[in-house]
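Below is query.cif, which holds mmCIF, C-alpha atoms.
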```cif
data_start
#
loop_
_atom_site.label_atom_id
_atom_site.label_comp_id
_atom_site.auth_asym_id
_atom_site.auth_seq_id
_atom_site.Cartn_x
_atom_site.Cartn_y
_atom_site.Cartn_z
CA MET A 16 -42.21 51.38 14.64
CA LYS A 17 -41.22 50.12 18.06
CA LYS A 18 -38.19 47.96 18.28
CA GLN A 19 -38.97 44.44 19.55
CA LYS A 20 -37.42 43.79 22.93
CA PRO A 21 -34.76 41.08 22.61
CA TRP A 22 -36.07 39.18 25.62
CA GLY A 23 -39.48 38.76 24.01
CA ALA A 24 -38.30 36.12 21.55
CA LEU A 25 -36.30 34.43 24.27
CA PHE A 26 -39.40 34.31 26.50
CA LEU A 27 -41.40 32.63 23.72
CA LEU A 28 -38.62 30.12 23.14
CA ILE A 29 -38.54 29.22 26.82
CA LEU A 30 -42.29 28.66 26.78
CA ALA A 31 -41.92 26.40 23.74
CA LEU A 32 -39.16 24.21 25.18
CA PRO A 33 -41.47 21.74 26.95
CA LEU A 34 -43.44 21.30 23.74
CA LEU A 35 -40.28 20.72 21.74
CA ALA A 36 -39.06 18.20 24.29
CA GLY A 37 -42.40 16.39 24.13
CA CYS A 38 -42.06 16.02 20.37
CA GLY A 39 -38.59 14.49 20.62
CA ASP A 40 -37.68 10.86 20.05
CA ALA A 41 -35.85 8.72 22.62
CA ASP A 42 -32.81 10.31 24.23
CA SER A 43 -29.43 8.60 24.57
CA THR A 44 -30.63 6.52 27.50
CA GLY A 45 -33.66 5.17 25.67
CA MET A 46 -36.08 7.13 27.89
CA ARG A 47 -39.26 8.60 26.43
CA ASP A 48 -42.64 9.59 27.71
CA HIS A 49 -44.68 6.97 29.55
CA GLU A 50 -47.50 6.57 27.07
CA HIS A 51 -46.13 3.08 26.38
CA PRO A 52 -44.29 0.62 28.66
CA LEU A 53 -40.54 1.02 29.07
CA VAL A 54 -38.89 -2.34 28.43
CA THR A 55 -35.28 -2.99 29.40
CA VAL A 56 -33.23 -5.82 27.88
CA SER A 57 -29.62 -6.79 28.41
CA ILE A 58 -28.13 -7.28 24.93
CA PRO A 59 -28.82 -6.19 21.32
CA PRO A 60 -30.17 -9.58 20.13
CA GLU A 61 -32.78 -9.40 22.90
CA ARG A 62 -33.67 -5.95 21.61
CA ALA A 63 -34.36 -7.50 18.21
CA PHE A 64 -36.74 -9.99 19.87
CA ALA A 65 -38.49 -7.31 21.93
CA GLU A 66 -38.84 -4.93 18.98
CA ALA A 67 -40.32 -7.70 16.85
CA VAL A 68 -42.94 -8.40 19.52
CA CYS A 69 -43.67 -4.85 20.66
CA GLY A 70 -43.39 -2.85 17.46
CA ASN A 71 -44.21 0.74 18.40
CA LEU A 72 -46.16 -0.27 21.51
CA ALA A 73 -43.18 -0.02 23.88
CA HIS A 74 -39.97 1.89 24.38
CA ILE A 75 -36.97 -0.44 24.58
CA MET A 76 -33.66 0.25 26.30
CA THR A 77 -30.61 -2.00 25.92
CA VAL A 78 -28.17 -2.25 28.82
CA ILE A 79 -25.13 -3.36 26.80
CA PRO A 80 -24.61 -1.34 23.61
CA PRO A 81 -23.34 -2.84 20.33
CA GLY A 82 -19.58 -3.40 20.33
CA SER A 83 -19.33 -3.88 24.10
CA SER A 84 -18.60 -7.11 25.93
CA PRO A 85 -21.18 -8.50 28.41
CA GLU A 86 -18.24 -9.81 30.43
CA THR A 87 -16.72 -6.38 31.07
CA TYR A 88 -19.35 -3.70 30.40
CA GLU A 89 -20.41 -1.40 33.22
CA PRO A 90 -23.52 0.77 32.70
CA THR A 91 -23.12 4.50 33.21
CA PRO A 92 -24.67 6.12 36.30
CA LEU A 93 -27.26 7.73 34.02
CA GLN A 94 -28.22 4.34 32.63
CA GLN A 95 -28.49 2.89 36.11
CA GLU A 96 -30.85 5.70 37.09
CA THR A 97 -33.11 4.97 34.14
CA PHE A 98 -33.38 1.28 35.06
CA ALA A 99 -35.69 2.36 37.89
CA ASP A 100 -38.18 3.66 35.31
CA ALA A 101 -38.52 0.31 33.54
CA ASN A 102 -41.88 -1.40 33.68
CA ILE A 103 -40.30 -4.76 32.85
CA PHE A 104 -36.77 -6.14 32.57
CA PHE A 105 -36.07 -9.18 30.40
CA ALA A 106 -32.92 -10.78 31.80
CA ILE A 107 -31.06 -13.41 29.79
CA GLY A 108 -28.80 -14.95 32.43
CA ILE A 109 -25.53 -13.08 31.94
CA PRO A 110 -23.37 -12.07 34.94
CA VAL A 111 -23.61 -8.30 34.41
CA GLU A 112 -27.32 -8.42 35.28
CA ASP A 113 -26.79 -9.46 38.90
CA ASN A 114 -24.37 -6.66 39.75
CA GLN A 115 -25.16 -3.86 37.33
CA VAL A 116 -28.89 -4.03 36.62
CA LEU A 117 -31.01 -5.84 39.21
CA PRO A 118 -29.86 -3.71 42.18
CA TYR A 119 -31.06 -0.54 40.40
CA LEU A 120 -34.54 -1.71 39.42
CA ALA A 121 -37.55 -0.30 41.21
CA GLU A 122 -39.83 -2.58 43.21
CA LYS A 123 -42.55 -2.05 40.59
CA THR A 124 -40.36 -3.42 37.79
CA ALA A 125 -41.35 -6.89 36.66
CA VAL A 126 -38.32 -9.14 36.12
CA VAL A 127 -38.48 -12.01 33.63
CA ASP A 128 -35.43 -14.27 33.27
CA LEU A 129 -35.62 -15.60 29.73
CA SER A 130 -32.89 -18.16 30.46
CA ASN A 131 -35.30 -19.90 32.85
CA GLU A 132 -37.95 -19.96 30.13
CA VAL A 133 -35.43 -21.58 27.79
CA SER A 134 -34.28 -24.08 30.43
CA ALA A 135 -37.86 -25.29 30.79
CA ALA A 136 -37.98 -26.12 27.07
CA TYR A 137 -34.41 -27.21 26.23
CA THR A 138 -31.47 -28.80 27.98
CA ASP A 139 -28.85 -26.27 29.07
CA LEU A 140 -25.23 -26.56 28.02
CA THR A 141 -22.74 -26.00 30.82
CA ILE A 142 -19.46 -24.22 31.36
CA ALA A 143 -17.18 -24.13 34.39
CA ASP A 144 -19.31 -21.68 36.39
CA GLY A 145 -22.67 -23.26 35.46
CA ARG A 146 -25.07 -22.68 32.61
CA ASP A 147 -23.67 -21.50 29.28
CA PRO A 148 -25.35 -18.08 28.90
CA HIS A 149 -25.14 -17.77 25.08
CA ILE A 150 -28.67 -19.06 24.53
CA TRP A 151 -29.59 -16.38 21.98
CA LEU A 152 -27.24 -18.01 19.44
CA SER A 153 -29.77 -20.81 19.02
CA PRO A 154 -32.77 -19.88 16.84
CA LYS A 155 -34.70 -22.72 18.49
CA ARG A 156 -34.20 -21.11 21.89
CA ALA A 157 -34.84 -17.66 20.44
CA ILE A 158 -38.35 -18.85 19.57
CA VAL A 159 -38.95 -19.71 23.23
CA MET A 160 -37.72 -16.25 24.26
CA VAL A 161 -39.99 -14.49 21.77
CA GLN A 162 -42.97 -16.51 23.01
CA ALA A 163 -42.13 -15.53 26.61
CA ILE A 164 -41.75 -11.85 25.73
CA ALA A 165 -45.14 -11.84 23.99
CA ARG A 166 -46.80 -13.60 26.90
CA LYS A 167 -45.34 -11.27 29.53
CA MET A 168 -46.04 -8.11 27.49
CA ALA A 169 -49.66 -9.22 27.08
CA GLN A 170 -49.90 -9.52 30.87
CA LEU A 171 -48.27 -6.13 31.40
CA ASP A 172 -50.28 -4.33 28.72
CA PRO A 173 -53.47 -6.38 28.18
CA LYS A 174 -55.16 -3.87 25.91
CA ASN A 175 -52.52 -4.66 23.27
CA LYS A 176 -52.49 -8.43 23.89
CA ASN A 177 -53.59 -9.31 20.36
CA ALA A 178 -50.94 -7.11 18.77
CA TYR A 179 -48.14 -8.67 20.83
CA GLU A 180 -49.32 -12.17 19.99
CA ASP A 181 -49.74 -11.41 16.28
CA ASN A 182 -46.31 -9.77 16.07
CA ALA A 183 -44.72 -12.73 17.84
CA GLU A 184 -46.39 -15.17 15.46
CA VAL A 185 -44.94 -13.35 12.43
CA TYR A 186 -41.43 -13.23 13.90
CA ILE A 187 -41.53 -16.85 15.07
CA ALA A 188 -42.34 -17.91 11.50
CA GLN A 189 -39.20 -16.06 10.39
CA LEU A 190 -37.14 -17.78 13.09
CA GLN A 191 -38.50 -21.17 12.07
CA ALA A 192 -37.53 -20.45 8.47
CA LEU A 193 -34.05 -19.42 9.67
CA ASP A 194 -33.74 -22.65 11.67
CA GLN A 195 -34.58 -24.70 8.58
CA GLU A 196 -32.17 -22.69 6.45
CA LEU A 197 -29.30 -23.27 8.88
CA THR A 198 -30.17 -26.97 9.03
CA ASP A 199 -29.97 -27.20 5.24
CA MET A 200 -26.68 -25.28 5.15
CA THR A 201 -24.93 -27.57 7.62
CA ALA A 202 -26.32 -30.75 6.06
CA ALA A 203 -24.38 -29.94 2.89
CA VAL A 204 -20.92 -30.14 4.53
CA ASP A 205 -18.95 -33.17 5.69
CA LYS A 206 -16.48 -31.41 7.99
CA LYS A 207 -17.92 -30.33 11.32
CA ASP A 208 -15.09 -28.88 13.45
CA PHE A 209 -14.39 -25.16 13.82
CA ILE A 210 -12.30 -23.14 16.26
CA VAL A 211 -13.31 -19.94 18.05
CA PHE A 212 -11.50 -17.63 20.42
CA HIS A 213 -14.42 -17.15 22.86
CA PRO A 214 -16.73 -20.16 23.37
CA ALA A 215 -19.96 -18.40 22.41
CA PHE A 216 -21.22 -20.81 19.76
CA ALA A 217 -21.82 -24.07 21.62
CA TYR A 218 -25.61 -23.86 21.26
CA LEU A 219 -25.35 -23.07 17.57
CA ALA A 220 -22.98 -25.99 17.07
CA ALA A 221 -25.16 -28.39 19.05
CA ASP A 222 -28.31 -27.40 17.16
CA TYR A 223 -26.80 -28.08 13.75
CA GLY A 224 -24.44 -31.00 14.29
CA LEU A 225 -21.20 -29.02 14.39
CA GLU A 226 -18.29 -29.23 16.84
CA MET A 227 -17.01 -26.02 18.41
CA HIS A 228 -13.50 -25.84 19.90
CA ALA A 229 -12.42 -22.75 21.86
CA LEU A 230 -9.05 -21.21 22.72
CA GLU A 231 -10.43 -19.35 25.73
CA GLN A 232 -11.17 -21.43 28.79
CA ASP A 233 -13.31 -20.28 31.72
CA GLY A 234 -13.05 -16.68 30.56
CA LYS A 235 -9.24 -16.79 30.45
CA GLU A 236 -6.72 -16.95 27.65
CA ALA A 237 -5.53 -20.40 26.65
CA THR A 238 -2.71 -21.96 28.62
CA ALA A 239 0.37 -23.09 26.71
CA VAL A 240 -0.78 -26.70 26.98
CA HIS A 241 -4.30 -25.99 25.69
CA LEU A 242 -2.95 -23.72 22.94
CA GLN A 243 -0.74 -26.54 21.69
CA GLU A 244 -3.71 -28.93 21.77
CA MET A 245 -5.69 -26.51 19.59
CA ILE A 246 -2.77 -26.11 17.20
CA ASP A 247 -2.50 -29.89 16.88
CA LEU A 248 -6.26 -30.14 16.32
CA ALA A 249 -6.21 -27.46 13.63
CA ARG A 250 -3.39 -29.20 11.80
CA ALA A 251 -5.00 -32.63 12.08
CA LYS A 252 -8.35 -31.40 10.77
CA ASP A 253 -6.94 -28.88 8.30
CA ILE A 254 -8.62 -25.92 10.02
CA LYS A 255 -7.36 -22.58 8.69
CA ILE A 256 -9.83 -20.14 10.26
CA LEU A 257 -10.04 -18.87 13.82
CA PHE A 258 -13.31 -17.10 14.61
CA SER A 259 -12.99 -14.18 16.99
CA GLN A 260 -15.03 -11.19 18.15
CA ALA A 261 -14.32 -7.48 17.89
CA GLU A 262 -13.97 -7.08 21.66
CA ALA A 263 -11.62 -10.09 22.07
CA ASP A 264 -7.87 -9.81 22.64
CA THR A 265 -6.44 -9.97 19.13
CA ARG A 266 -2.85 -10.80 20.10
CA GLN A 267 -3.37 -14.45 21.00
CA ALA A 268 -5.88 -14.89 18.17
CA GLU A 269 -3.45 -13.56 15.59
CA ALA A 270 -0.55 -15.58 17.03
CA PHE A 271 -2.64 -18.74 16.84
CA ALA A 272 -3.74 -18.05 13.27
CA GLU A 273 -0.14 -17.45 12.23
CA GLU A 274 0.93 -20.71 13.87
CA ILE A 275 -1.62 -22.75 11.88
CA GLY A 276 -1.01 -20.82 8.66
CA GLY A 277 -4.54 -19.43 8.74
CA THR A 278 -6.47 -16.22 9.31
CA VAL A 279 -8.73 -14.61 11.89
CA VAL A 280 -12.36 -13.97 10.91
CA VAL A 281 -14.38 -11.65 13.15
CA LEU A 282 -17.99 -12.55 13.97
CA ASP A 283 -20.49 -10.42 15.89
CA PRO A 284 -22.69 -12.61 18.11
CA LEU A 285 -24.22 -9.47 19.68
CA SER A 286 -25.66 -7.86 16.56
CA ASP A 287 -29.21 -6.54 16.81
CA GLN A 288 -29.82 -7.60 13.20
CA TYR A 289 -30.52 -11.06 14.53
CA ILE A 290 -31.78 -13.09 11.58
CA ASP A 291 -29.42 -11.65 8.97
CA ASN A 292 -26.50 -11.93 11.36
CA MET A 293 -27.20 -15.56 12.27
CA ARG A 294 -27.36 -16.41 8.59
CA SER A 295 -24.09 -14.61 7.79
CA MET A 296 -22.25 -16.12 10.78
CA MET A 297 -23.32 -19.62 9.80
CA GLN A 298 -22.27 -18.95 6.21
CA ALA A 299 -18.82 -17.90 7.45
CA ILE A 300 -18.55 -21.11 9.48
CA ILE A 301 -19.71 -23.23 6.53
CA ASP A 302 -17.19 -21.51 4.25
CA SER A 303 -14.43 -22.44 6.69
CA LEU A 304 -15.45 -26.09 6.46
CA GLN A 305 -15.28 -26.31 2.67
#
```

Is it possible to give me this structure as structure tokens?
Amino acid sequence: MKKQKPWGALFLLILALPLLAGCGDADSTGMRDHEHPLVTVSIPPERAFAEAVCGNLAHIMTVIPPGSSPETYEPTPLQQETFADANIFFAIGIPVEDNQVLPYLAEKTAVVDLSNEVSAAYTDLTIADGRDPHIWLSPKRAIVMVQAIARKMAQLDPKNKNAYEDNAEVYIAQLQALDQELTDMTAAVDKKDFIVFHPAFAYLAADYGLEMHALEQDGKEATAVHLQEMIDLARAKDIKILFSQAEADTRQAEAFAEEIGGTVVVLDPLSDQYIDNMRSMMQAIIDSLQ
């Protein structure tokens, strides 16, 4: 019997590599084949909206991964290269988009700013530099974003128009149920004031009759004067919880909590498990008001 030449198996393996690659799922950048549109979104909650609308009809890439801050995150060079492959980019009005995403998009990439869609339906809240960007923390505004995603995807991929619209209708019903649930939860409490480190929850508070107070001002740590004002507020209203985020500076948060005899509770406003996360964050806020 002839001995098989060692390079024979290697040659077959090399021939098979393109087939194996074609069978693979998305790589670390979110890139796949181009059978379906490549959709780029900025943050994980947007991904939840896009996945609900698109199902398996599109490949979705998120610019800012879970656990990273939109204020400080910088996409990798490999990510920036893949932005040029996107068929559509759903912006949400956060600063990182202007410097780290839009310059790398190809001319063919459609750009949809969901914050403009929301502004046409609801009044914006403002911060020092302009519009408060945390619109996704309002289920009412999330509904507007989902409607816009479905409409734009139907224009981009008309053969699947009915699927996008049907998927959006199902998810919007879930968001409407969430909105009603949060309304019922907040109606059951008398106290309304809560304190956060980063002022991300103004839309959530406004939607449900709560009052958010923040340590951080204009993206900076609290001054000594403002910190004392928040300490006085916490004592006057018997607030014992400071809500923070995983990426926030814990030193000032912990010092504040110690000063008021309370604790720090970490929330994740950037979770891609949107509905469950909104429910659990509101429950944490309600628990702090009991």

Could you tell me which residues the PyMOL selection byres ((chain A and resi 140) around 12) returns for this structure, as a list in words?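 Output of the PyMOL selection byres ((chain A and resi 140) around 12): Ser130, Val133, Ser134, Tyr137, Thr138, Asp139, Thr141, Ile142, Ala143, Asp144, Gly145, Arg146, Asp147, Pro148, His149, Ile150, Ser153, Pro214, Ala215, Phe216, Ala217, Tyr218, Leu219, Ala220, Ala221 and Asp222 of chain A.
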
Counting only C-alpha atoms, what is within 9 Å of segment 298-301 of chain A, bar same-chain residues fewer than 2 positions away, as an NGL selection string? :A and (197 or 200-201 or 203-204 or 206-207 or 209 or 256 or 258 or 280 or 282 or 293-296 or 303-305)

Determine, counting all atoms listed in the file, which protein, DNA and RNA residues have an atom within 10 Å of an atom of Glu112 of chain A; residues of the same chain fewer than 6 positions away are not included. Present the result as a ChimeraX atom specification. /A:56-57,78,85,106,118

Would you mind listing what lies within 12 Å of Ala163 of chain A as a ChimeraX atom specification, with all atoms listed in the file counted and same-chain residues fewer than 6 positions away left out? /A:61,64-65,68,105-107,127-133,135-136,156-157,169-170,179-180,183-184,187

Do you know which residues are at most 12 Å from Leu117 of chain A counting only C-alpha atoms, after dropping those on the same chain fewer than 2 positions away, and could you put them as a ChimeraX atom specification? /A:55-57,78,90,95-96,98-99,101,103-106,108-115,119-122,124-128

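Interatomic distance, atom CA of Asn177 of chain A against atom CA of Met160 of chain A: 17.8 Å.
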
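Taking atom CA of Ile79 of chain A as the reference point, atom CA of Arg62 of chain A is found at 10.3 Å.
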
Taking all atoms listed in the file into account, which of A:His51, A:Lys255, A:Arg250, A:Arg266 comes nearest Asp302 of chain A?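 The shortest atom-to-atom distance to Asp302 of chain A comes from A:Lys255.
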
Counting only C-alpha atoms, which residue out of A:Asn102, A:Thr278, A:Tyr223, A:Tyr186 sits closest to Ala202 of chain A?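 Of all the options, A:Tyr223 lies closest to Ala202 of chain A.
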
To test your reading of the syntax: which residues would the PyMOL selection byres ((chain A and resi 228) around 6) return for the file shown? Reply as an mmCIF file with C-alpha atoms, in the coordinates of the input.
```
data_model
loop_
_atom_site.group_PDB
_atom_site.id
_atom_site.type_symbol
_atom_site.label_atom_id
_atom_site.label_comp_id
_atom_site.auth_asym_id
_atom_site.auth_seq_id
_atom_site.Cartn_x
_atom_site.Cartn_y
_atom_site.Cartn_z
ATOM 1 C CA ILE A 210 -12.300 -23.140 16.260
ATOM 2 C CA MET A 227 -17.010 -26.020 18.410
ATOM 3 C CA ALA A 229 -12.420 -22.750 21.860
#
```

Pick from A:Trp151, A:Tyr88, A:Phe212, A:Tyr289 nearest to Ala261 of chain A, counting all atoms listed in the file: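 Looking only at the distances to Ala261 of chain A, the closest residue turns out to be A:Phe212.
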
Just save segment 29-138 of chain A with C-alpha atoms, as a JSON list (two decimals), in the first residue's frame.
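File produced: decode.json:
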```json
[["chain", "number", "residue", "atom", "x", "y", "z"],
["A", 29, "ILE", "CA", -6.89, 24.52, 2.01],
["A", 30, "LEU", "CA", -9.54, 23.92, -0.65],
["A", 31, "ALA", "CA", -12.18, 23.54, 2.05],
["A", 32, "LEU", "CA", -11.32, 26.74, 3.93],
["A", 33, "PRO", "CA", -13.53, 29.06, 1.85],
["A", 34, "LEU", "CA", -16.45, 26.70, 2.37],
["A", 35, "LEU", "CA", -15.85, 26.57, 6.10],
["A", 36, "ALA", "CA", -15.63, 30.34, 6.25],
["A", 37, "GLY", "CA", -18.89, 30.64, 4.34],
["A", 38, "CYS", "CA", -20.64, 28.45, 6.90],
["A", 39, "GLY", "CA", -19.45, 30.57, 9.83],
["A", 40, "ASP", "CA", -21.56, 32.95, 11.89],
["A", 41, "ALA", "CA", -20.71, 36.63, 12.38],
["A", 42, "ASP", "CA", -17.11, 37.38, 13.29],
["A", 43, "SER", "CA", -16.05, 39.66, 16.15],
["A", 44, "THR", "CA", -16.82, 42.78, 14.11],
["A", 45, "GLY", "CA", -20.36, 41.71, 13.28],
["A", 46, "MET", "CA", -19.51, 41.21, 9.58],
["A", 47, "ARG", "CA", -21.10, 38.40, 7.60],
["A", 48, "ASP", "CA", -21.90, 37.71, 4.01],
["A", 49, "HIS", "CA", -24.01, 40.24, 2.13],
["A", 50, "GLU", "CA", -27.10, 38.13, 1.56],
["A", 51, "HIS", "CA", -28.89, 40.44, 4.01],
["A", 52, "PRO", "CA", -28.37, 44.15, 4.77],
["A", 53, "LEU", "CA", -25.68, 45.11, 7.26],
["A", 54, "VAL", "CA", -27.20, 47.44, 9.85],
["A", 55, "THR", "CA", -25.01, 49.46, 12.21],
["A", 56, "VAL", "CA", -26.34, 50.94, 15.46],
["A", 57, "SER", "CA", -24.57, 52.89, 18.17],
["A", 58, "ILE", "CA", -25.58, 51.27, 21.47],
["A", 59, "PRO", "CA", -26.92, 47.92, 22.75],
["A", 60, "PRO", "CA", -30.50, 49.13, 23.40],
["A", 61, "GLU", "CA", -30.69, 50.19, 19.75],
["A", 62, "ARG", "CA", -29.53, 46.71, 18.84],
["A", 63, "ALA", "CA", -32.51, 45.32, 20.75],
["A", 64, "PHE", "CA", -34.83, 47.55, 18.69],
["A", 65, "ALA", "CA", -33.17, 46.62, 15.39],
["A", 66, "GLU", "CA", -33.15, 42.90, 16.17],
["A", 67, "ALA", "CA", -36.83, 43.01, 17.09],
["A", 68, "VAL", "CA", -37.66, 44.62, 13.74],
["A", 69, "CYS", "CA", -35.23, 42.74, 11.50],
["A", 70, "GLY", "CA", -35.20, 39.27, 13.01],
["A", 71, "ASN", "CA", -32.90, 37.20, 10.81],
["A", 72, "LEU", "CA", -33.33, 39.49, 7.80],
["A", 73, "ALA", "CA", -30.29, 41.67, 8.59],
["A", 74, "HIS", "CA", -26.88, 41.50, 10.19],
["A", 75, "ILE", "CA", -26.53, 44.02, 13.02],
["A", 76, "MET", "CA", -23.31, 45.55, 14.32],
["A", 77, "THR", "CA", -23.14, 47.64, 17.50],
["A", 78, "VAL", "CA", -20.53, 50.39, 17.73],
["A", 79, "ILE", "CA", -20.35, 50.58, 21.53],
["A", 80, "PRO", "CA", -20.15, 47.16, 23.21],
["A", 81, "PRO", "CA", -21.86, 46.33, 26.53],
["A", 82, "GLY", "CA", -19.99, 47.68, 29.54],
["A", 83, "SER", "CA", -18.44, 50.61, 27.66],
["A", 84, "SER", "CA", -19.30, 54.27, 28.06],
["A", 85, "PRO", "CA", -20.65, 56.24, 25.06],
["A", 86, "GLU", "CA", -18.83, 59.27, 26.48],
["A", 87, "THR", "CA", -15.36, 57.70, 26.28],
["A", 88, "TYR", "CA", -15.48, 54.72, 23.90],
["A", 89, "GLU", "CA", -13.32, 54.74, 20.79],
["A", 90, "PRO", "CA", -13.99, 52.09, 18.11],
["A", 91, "THR", "CA", -11.06, 49.95, 17.04],
["A", 92, "PRO", "CA", -9.52, 50.50, 13.59],
["A", 93, "LEU", "CA", -11.04, 47.18, 12.50],
["A", 94, "GLN", "CA", -14.48, 48.36, 13.57],
["A", 95, "GLN", "CA", -14.02, 51.63, 11.74],
["A", 96, "GLU", "CA", -13.14, 49.73, 8.57],
["A", 97, "THR", "CA", -16.31, 47.68, 8.79],
["A", 98, "PHE", "CA", -18.49, 50.79, 9.10],
["A", 99, "ALA", "CA", -17.88, 51.35, 5.39],
["A", 100, "ASP", "CA", -19.69, 48.08, 4.64],
["A", 101, "ALA", "CA", -22.91, 49.12, 6.38],
["A", 102, "ASN", "CA", -25.99, 49.55, 4.24],
["A", 103, "ILE", "CA", -27.63, 51.72, 6.89],
["A", 104, "PHE", "CA", -26.55, 53.40, 10.12],
["A", 105, "PHE", "CA", -29.11, 54.24, 12.80],
["A", 106, "ALA", "CA", -27.65, 57.10, 14.83],
["A", 107, "ILE", "CA", -29.18, 58.05, 18.17],
["A", 108, "GLY", "CA", -27.65, 61.47, 18.77],
["A", 109, "ILE", "CA", -24.67, 60.68, 21.01],
["A", 110, "PRO", "CA", -21.35, 62.55, 20.60],
["A", 111, "VAL", "CA", -19.25, 59.52, 19.64],
["A", 112, "GLU", "CA", -21.16, 59.23, 16.36],
["A", 113, "ASP", "CA", -19.89, 62.52, 14.93],
["A", 114, "ASN", "CA", -16.21, 61.77, 15.46],
["A", 115, "GLN", "CA", -15.93, 57.99, 15.48],
["A", 116, "VAL", "CA", -18.60, 56.68, 13.12],
["A", 117, "LEU", "CA", -19.89, 59.13, 10.52],
["A", 118, "PRO", "CA", -16.44, 59.94, 9.04],
["A", 119, "TYR", "CA", -15.89, 56.24, 8.27],
["A", 120, "LEU", "CA", -19.19, 55.50, 6.53],
["A", 121, "ALA", "CA", -19.25, 54.95, 2.80],
["A", 122, "GLU", "CA", -21.22, 57.29, 0.55],
["A", 123, "LYS", "CA", -23.68, 54.48, -0.12],
["A", 124, "THR", "CA", -24.54, 54.11, 3.56],
["A", 125, "ALA", "CA", -27.93, 55.50, 4.48],
["A", 126, "VAL", "CA", -27.85, 57.48, 7.74],
["A", 127, "VAL", "CA", -30.97, 57.76, 9.89],
["A", 128, "ASP", "CA", -30.79, 59.87, 13.06],
["A", 129, "LEU", "CA", -33.39, 58.36, 15.37],
["A", 130, "SER", "CA", -33.11, 61.33, 17.75],
["A", 131, "ASN", "CA", -34.62, 63.52, 15.02],
["A", 132, "GLU", "CA", -37.48, 61.06, 14.62],
["A", 133, "VAL", "CA", -38.10, 61.26, 18.37],
["A", 134, "SER", "CA", -37.86, 65.07, 18.41],
["A", 135, "ALA", "CA", -40.64, 65.24, 15.83],
["A", 136, "ALA", "CA", -42.94, 63.28, 18.16],
["A", 137, "TYR", "CA", -41.91, 64.38, 21.67],
["A", 138, "THR", "CA", -40.40, 67.42, 23.33]]
```
